[in-house]
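Note: the block below is upload_0.pdb and it holds PDB, C-alpha atoms.
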ATOM      1  CA  MET A   1     -21.595 -42.901  46.401  1.00  0.00           C
ATOM      2  CA  ARG A   2     -18.169 -44.519  45.986  1.00  0.00           C
ATOM      3  CA  LEU A   3     -19.442 -46.480  43.016  1.00  0.00           C
ATOM      4  CA  LEU A   4     -20.742 -43.289  41.438  1.00  0.00           C
ATOM      5  CA  LYS A   5     -17.369 -41.570  41.890  1.00  0.00           C
ATOM      6  CA  PHE A   6     -15.585 -44.596  40.498  1.00  0.00           C
ATOM      7  CA  LEU A   7     -17.831 -44.702  37.424  1.00  0.00           C
ATOM      8  CA  PHE A   8     -17.350 -40.965  36.907  1.00  0.00           C
ATOM      9  CA  VAL A   9     -13.556 -41.274  37.022  1.00  0.00           C
ATOM     10  CA  VAL A  10     -13.562 -44.293  34.699  1.00  0.00           C
ATOM     11  CA  SER A  11     -15.852 -42.559  32.201  1.00  0.00           C
ATOM     12  CA  LEU A  12     -13.715 -39.408  32.317  1.00  0.00           C
ATOM     13  CA  LEU A  13     -10.547 -41.415  31.672  1.00  0.00           C
ATOM     14  CA  TRP A  14     -12.260 -43.340  28.878  1.00  0.00           C
ATOM     15  CA  ASN A  15     -13.372 -40.139  27.193  1.00  0.00           C
ATOM     16  CA  CYS A  16      -9.962 -38.542  27.538  1.00  0.00           C
ATOM     17  CA  TYR A  17      -8.222 -41.547  26.050  1.00  0.00           C
ATOM     18  CA  SER A  18     -10.652 -42.256  23.242  1.00  0.00           C
ATOM     19  CA  CYS A  19     -10.904 -38.727  21.833  1.00  0.00           C
ATOM     20  CA  TYR A  20      -8.704 -37.687  18.973  1.00  0.00           C
ATOM     21  CA  SER A  21      -6.955 -34.389  18.670  1.00  0.00           C
ATOM     22  CA  TYR A  22      -5.539 -34.653  15.172  1.00  0.00           C
ATOM     23  CA  ARG A  23      -7.171 -35.933  11.993  1.00  0.00           C
ATOM     24  CA  VAL A  24      -5.544 -36.526   8.629  1.00  0.00           C
ATOM     25  CA  PHE A  25      -7.184 -35.382   5.391  1.00  0.00           C
ATOM     26  CA  PRO A  26      -8.018 -36.897   2.982  1.00  0.00           C
ATOM     27  CA  THR A  27      -9.256 -39.737   5.149  1.00  0.00           C
ATOM     28  CA  HIS A  28      -9.254 -42.432   2.464  1.00  0.00           C
ATOM     29  CA  TYR A  29      -6.064 -44.326   1.815  1.00  0.00           C
ATOM     30  CA  GLU A  30      -5.209 -46.283  -1.271  1.00  0.00           C
ATOM     31  CA  GLU A  31      -4.002 -49.834  -1.340  1.00  0.00           C
ATOM     32  CA  TYR A  32      -0.613 -49.801  -2.976  1.00  0.00           C
ATOM     33  CA  GLY A  33      -0.184 -52.325  -5.752  1.00  0.00           C
ATOM     34  CA  LYS A  34       3.555 -52.460  -5.293  1.00  0.00           C
ATOM     35  CA  GLU A  35       5.439 -54.031  -2.465  1.00  0.00           C
ATOM     36  CA  ILE A  36       6.457 -51.494   0.141  1.00  0.00           C
ATOM     37  CA  THR A  37       9.970 -51.930   1.490  1.00  0.00           C
ATOM     38  CA  THR A  38      11.725 -49.757   4.001  1.00  0.00           C
ATOM     39  CA  ILE A  39      15.040 -48.275   2.975  1.00  0.00           C
ATOM     40  CA  ASP A  40      17.992 -47.903   5.328  1.00  0.00           C
ATOM     41  CA  ALA A  41      18.655 -44.188   5.662  1.00  0.00           C
ATOM     42  CA  PHE A  42      21.122 -42.001   7.481  1.00  0.00           C
ATOM     43  CA  VAL A  43      19.690 -38.654   8.565  1.00  0.00           C
ATOM     44  CA  LEU A  44      21.636 -35.413   8.350  1.00  0.00           C
ATOM     45  CA  GLY A  45      20.236 -32.734  10.617  1.00  0.00           C
ATOM     46  CA  ASP A  46      18.983 -35.148  13.226  1.00  0.00           C
ATOM     47  CA  SER A  47      18.712 -32.183  15.589  1.00  0.00           C
ATOM     48  CA  LEU A  48      15.241 -31.610  14.096  1.00  0.00           C
ATOM     49  CA  LYS A  49      13.491 -33.902  16.577  1.00  0.00           C
ATOM     50  CA  GLN A  50       9.904 -33.523  15.358  1.00  0.00           C
ATOM     51  CA  GLU A  51      10.831 -34.082  11.716  1.00  0.00           C
ATOM     52  CA  LEU A  52      12.841 -37.155  12.681  1.00  0.00           C
ATOM     53  CA  LYS A  53       9.853 -38.554  14.610  1.00  0.00           C
ATOM     54  CA  ILE A  54       7.643 -38.028  11.552  1.00  0.00           C
ATOM     55  CA  ILE A  55      10.149 -39.846   9.300  1.00  0.00           C
ATOM     56  CA  LYS A  56      10.299 -42.754  11.748  1.00  0.00           C
ATOM     57  CA  ALA A  57       6.503 -42.860  12.114  1.00  0.00           C
ATOM     58  CA  SER A  58       6.049 -42.963   8.338  1.00  0.00           C
ATOM     59  CA  GLU A  59       7.989 -46.252   8.172  1.00  0.00           C
ATOM     60  CA  LEU A  60       9.353 -45.192   4.794  1.00  0.00           C
ATOM     61  CA  PHE A  61      12.915 -45.366   6.022  1.00  0.00           C
ATOM     62  CA  ASN A  62      14.731 -47.425   8.601  1.00  0.00           C
ATOM     63  CA  VAL A  63      16.877 -44.777  10.282  1.00  0.00           C
ATOM     64  CA  VAL A  64      20.396 -46.052  10.967  1.00  0.00           C
ATOM     65  CA  SER A  65      23.109 -44.373  12.994  1.00  0.00           C
ATOM     66  CA  ASP A  66      26.022 -45.309  10.705  1.00  0.00           C
ATOM     67  CA  SER A  67      26.211 -43.650   7.299  1.00  0.00           C
ATOM     68  CA  THR A  68      28.106 -46.607   5.785  1.00  0.00           C
ATOM     69  CA  GLU A  69      25.117 -48.911   6.368  1.00  0.00           C
ATOM     70  CA  ALA A  70      22.645 -46.567   4.663  1.00  0.00           C
ATOM     71  CA  ASN A  71      21.320 -46.868   1.114  1.00  0.00           C
ATOM     72  CA  VAL A  72      20.193 -43.256   1.131  1.00  0.00           C
ATOM     73  CA  VAL A  73      21.084 -40.103   3.056  1.00  0.00           C
ATOM     74  CA  LEU A  74      18.274 -37.779   4.109  1.00  0.00           C
ATOM     75  CA  LYS A  75      18.743 -34.087   4.752  1.00  0.00           C
ATOM     76  CA  LEU A  76      15.793 -32.794   6.765  1.00  0.00           C
ATOM     77  CA  TYR A  77      14.491 -29.248   6.721  1.00  0.00           C
ATOM     78  CA  PRO A  78      12.377 -27.584   9.424  1.00  0.00           C
ATOM     79  CA  LEU A  79       8.646 -28.269   9.260  1.00  0.00           C
ATOM     80  CA  LYS A  80       6.787 -25.171   8.075  1.00  0.00           C
ATOM     81  CA  ARG A  81       3.263 -24.538   9.272  1.00  0.00           C
ATOM     82  CA  THR A  82       0.916 -22.464   7.152  1.00  0.00           C
ATOM     83  CA  PRO A  83      -1.049 -20.001   9.290  1.00  0.00           C
ATOM     84  CA  VAL A  84      -4.789 -20.602   9.397  1.00  0.00           C
ATOM     85  CA  CYS A  85      -7.700 -18.326  10.117  1.00  0.00           C
ATOM     86  CA  GLY A  86      -8.436 -18.143  13.834  1.00  0.00           C
ATOM     87  CA  GLN A  87     -12.091 -17.289  13.347  1.00  0.00           C
ATOM     88  CA  PRO A  88     -13.392 -20.679  14.601  1.00  0.00           C
ATOM     89  CA  LEU A  89     -11.690 -19.978  17.925  1.00  0.00           C
ATOM     90  CA  THR A  90     -14.199 -17.172  18.518  1.00  0.00           C
ATOM     91  CA  LEU A  91     -17.007 -19.717  18.800  1.00  0.00           C
ATOM     92  CA  SER A  92     -14.896 -21.834  21.100  1.00  0.00           C
ATOM     93  CA  MET A  93     -14.189 -18.851  23.361  1.00  0.00           C
ATOM     94  CA  ILE A  94     -17.841 -17.800  23.504  1.00  0.00           C
ATOM     95  CA  THR A  95     -18.910 -21.307  24.543  1.00  0.00           C
ATOM     96  CA  LEU A  96     -15.938 -21.724  26.908  1.00  0.00           C
ATOM     97  CA  GLY A  97     -14.548 -24.530  24.781  1.00  0.00           C
ATOM     98  CA  GLN A  98     -17.649 -26.728  24.933  1.00  0.00           C
ATOM     99  CA  VAL A  99     -18.274 -26.682  21.181  1.00  0.00           C
ATOM    100  CA  PRO A 100     -15.547 -28.435  19.185  1.00  0.00           C
ATOM    101  CA  VAL A 101     -14.008 -26.430  16.381  1.00  0.00           C
ATOM    102  CA  TYR A 102     -11.642 -27.705  13.729  1.00  0.00           C
ATOM    103  CA  MET A 103      -8.491 -25.915  12.683  1.00  0.00           C
ATOM    104  CA  PRO A 104      -7.278 -27.102   9.255  1.00  0.00           C
ATOM    105  CA  ASP A 105      -3.509 -26.775   9.361  1.00  0.00           C
ATOM    106  CA  TYR A 106      -1.182 -27.236   6.415  1.00  0.00           C
ATOM    107  CA  TYR A 107       2.404 -28.316   6.973  1.00  0.00           C
ATOM    108  CA  GLN A 108       5.235 -28.261   4.443  1.00  0.00           C
ATOM    109  CA  PHE A 109       7.474 -31.278   5.009  1.00  0.00           C
ATOM    110  CA  LYS A 110      10.692 -31.094   3.015  1.00  0.00           C
ATOM    111  CA  PHE A 111      13.745 -33.305   2.779  1.00  0.00           C
ATOM    112  CA  ASP A 112      16.462 -34.202   0.298  1.00  0.00           C
ATOM    113  CA  GLU A 113      17.196 -37.794  -0.703  1.00  0.00           C
ATOM    114  CA  ILE A 114      20.851 -38.251  -1.552  1.00  0.00           C
ATOM    115  CA  ARG A 115      21.667 -41.455  -3.471  1.00  0.00           C
ATOM    116  CA  ASN A 116      25.038 -41.947  -5.149  1.00  0.00           C
ATOM    117  CA  ASN A 117      25.752 -38.190  -4.991  1.00  0.00           C
ATOM    118  CA  GLU A 118      22.450 -37.468  -6.749  1.00  0.00           C
ATOM    119  CA  VAL A 119      20.171 -35.141  -4.783  1.00  0.00           C
ATOM    120  CA  THR A 120      16.397 -35.429  -5.145  1.00  0.00           C
ATOM    121  CA  GLU A 121      14.336 -32.778  -3.397  1.00  0.00           C
ATOM    122  CA  LYS A 122      11.075 -34.025  -1.883  1.00  0.00           C
ATOM    123  CA  GLU A 123       8.433 -31.615  -0.618  1.00  0.00           C
ATOM    124  CA  PHE A 124       4.971 -32.587   0.579  1.00  0.00           C
ATOM    125  CA  THR A 125       1.981 -30.641   1.837  1.00  0.00           C
ATOM    126  CA  LEU A 126       0.373 -32.384   4.787  1.00  0.00           C
ATOM    127  CA  GLN A 127      -3.172 -31.371   5.731  1.00  0.00           C
ATOM    128  CA  ILE A 128      -3.790 -32.232   9.359  1.00  0.00           C
ATOM    129  CA  THR A 129      -6.842 -30.856  11.118  1.00  0.00           C
ATOM    130  CA  GLN A 130      -6.679 -30.210  14.843  1.00  0.00           C
ATOM    131  CA  ARG A 131      -9.808 -30.303  16.942  1.00  0.00           C
ATOM    132  CA  VAL A 132      -9.982 -27.639  19.653  1.00  0.00           C
ATOM    133  CA  LEU A 133     -12.201 -28.473  22.612  1.00  0.00           C
ATOM    134  CA  PHE A 134     -11.873 -27.774  26.322  1.00  0.00           C
ATOM    135  CA  TRP A 135     -11.828 -31.480  27.155  1.00  0.00           C
ATOM    136  CA  ASP A 136      -9.012 -32.138  24.695  1.00  0.00           C
ATOM    137  CA  MET A 137      -6.631 -30.578  27.196  1.00  0.00           C
ATOM    138  CA  PHE A 138      -6.927 -33.832  29.131  1.00  0.00           C
ATOM    139  CA  VAL A 139      -6.391 -36.184  26.183  1.00  0.00           C
ATOM    140  CA  PHE A 140      -3.332 -38.359  26.637  1.00  0.00           C
ATOM    141  CA  ASN A 141      -2.854 -39.661  23.114  1.00  0.00           C
ATOM    142  CA  LYS A 142      -2.163 -36.584  21.035  1.00  0.00           C
ATOM    143  CA  LYS A 143      -0.266 -38.259  18.237  1.00  0.00           C
ATOM    144  CA  PHE A 144       0.616 -35.560  15.747  1.00  0.00           C
ATOM    145  CA  ASP A 145       3.829 -37.299  14.690  1.00  0.00           C
ATOM    146  CA  GLU A 146       2.017 -40.564  13.928  1.00  0.00           C
ATOM    147  CA  LYS A 147      -0.701 -38.838  11.906  1.00  0.00           C
ATOM    148  CA  ALA A 148       1.855 -36.771  10.005  1.00  0.00           C
ATOM    149  CA  GLY A 149       3.922 -39.909   9.357  1.00  0.00           C
ATOM    150  CA  LEU A 150       0.884 -41.746   8.009  1.00  0.00           C
ATOM    151  CA  LEU A 151       0.076 -38.895   5.662  1.00  0.00           C
ATOM    152  CA  LEU A 152       3.724 -38.526   4.599  1.00  0.00           C
ATOM    153  CA  LYS A 153       3.827 -42.214   3.663  1.00  0.00           C
ATOM    154  CA  LYS A 154       0.705 -41.856   1.535  1.00  0.00           C
ATOM    155  CA  GLU A 155       1.962 -38.700  -0.191  1.00  0.00           C
ATOM    156  CA  TYR A 156       5.411 -40.210  -0.787  1.00  0.00           C
ATOM    157  CA  TYR A 157       4.050 -43.280  -2.558  1.00  0.00           C
ATOM    158  CA  GLN A 158       1.570 -41.244  -4.560  1.00  0.00           C
ATOM    159  CA  SER A 159       4.401 -39.078  -5.871  1.00  0.00           C
ATOM    160  CA  GLN A 160       6.291 -42.064  -7.277  1.00  0.00           C
TER     161      GLN A 160
END

Have the structure of the file written as structure tokens, please.
Amino acid sequence: MRLLKFLFVVSLLWNCYSCYSYRVFPTHYEEYGKEITTIDAFVLGDSLKQELKIIKASELFNVVSDSTEANVVLKLYPLKRTPVCGQPLTLSMITLGQVPVYMPDYYQFKFDEIRNNEVTEKEFTLQITQRVLFWDMFVFNKKFDEKAGLLLKKEYYQSQ
């Protein structure tokens, strides 16, 4: 009986850790022919914690705390989320969350790059789909910032 309980707990923890909550679309990523280098950047508006985490997770910029050491200054804007249809949640409610549904969310990530007093506005649409399932409440590795950073990196290099 103890072995059965132990196996149940281990399998529950395994399932909770191995499930994903966020998925990036499109799922294919290109190999970049050019060498990718990180740029030292000073961030204005570092009070936007989630946006700052996404910038750091993208590994596009090495965020520095001193503006004199930076090659570029970034001015972050709040992340805007496009509302999606909640119709798939009806199925999830009817089945008490046992059937996974996918909510395709679109996020507008915007920042300004300031180099030598020249401002370049950058705006990217990030499509990140969230899976809604009862058991996802117990998932420990919900990594929205990492997924958004990965997609931001891809979109940034495609725009250049």

Explicit residues for the PyMOL selection byres ((chain A and resi 77) around 8) (as a PyMOL selection string): chain A and resi 45+48+51+75-76+78-79+109-111

Contacts of region 152-157 of chain A within 9 Å, only C-alpha atoms, excl. fewer than 4 positions in-chain, as a VMD selection string: chain A and resid 29 to 30 32 36 54 to 55 57 to 60 109 122 124 to 126 147 to 148

For CA of Glu113 (chain A) and CA of Val72 (chain A), the interatomic separation in Å (one decimal):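 These atoms are spaced 6.5 Å apart.
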
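CA of Gln130 (chain A) lies 10.0 Å from CA of Pro100 (chain A).
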
Straight-line distance linking CA of Ile94 (chain A) with CA of Val132 (chain A), stated in Å to one decimal: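 Taking CA of Ile94 (chain A) as the start and CA of Val132 (chain A) as the end point, the length is 13.2 Å.
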
Surrounding residues of Gly97 (chain A) excluding itself and chain neighbours under 6 positions, 12 Å, all atoms listed in the file, as a PyMOL selection string: chain A and resi 88-91+131-137

Residues within 8 Å of (26.1, -39.6, 7.5), file coords, only C-alpha atoms, listed as a PyMOL selection string: chain A and resi 42-44+65-68+73

Given only C-alpha atoms as the counted atoms, nearest of A:Lys80, A:Asp40, A:Ser47, A:Gln158 to Val63 (chain A): A:Asp40

Surrounding residues of Phe61 (chain A) excluding itself and chain neighbours under 3 positions, 6 Å, all atoms listed in the file, as a list in words: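 So, after excluding close chain neighbours, the residues are Thr38, Ile39, Asp40 and Ala41 of chain A.
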
Selection near Gln87 (chain A), 12 Å with all atoms listed in the file, sequence-local residues under 6 positions removed, as number ranges by chain: A: 93-94, 101-104
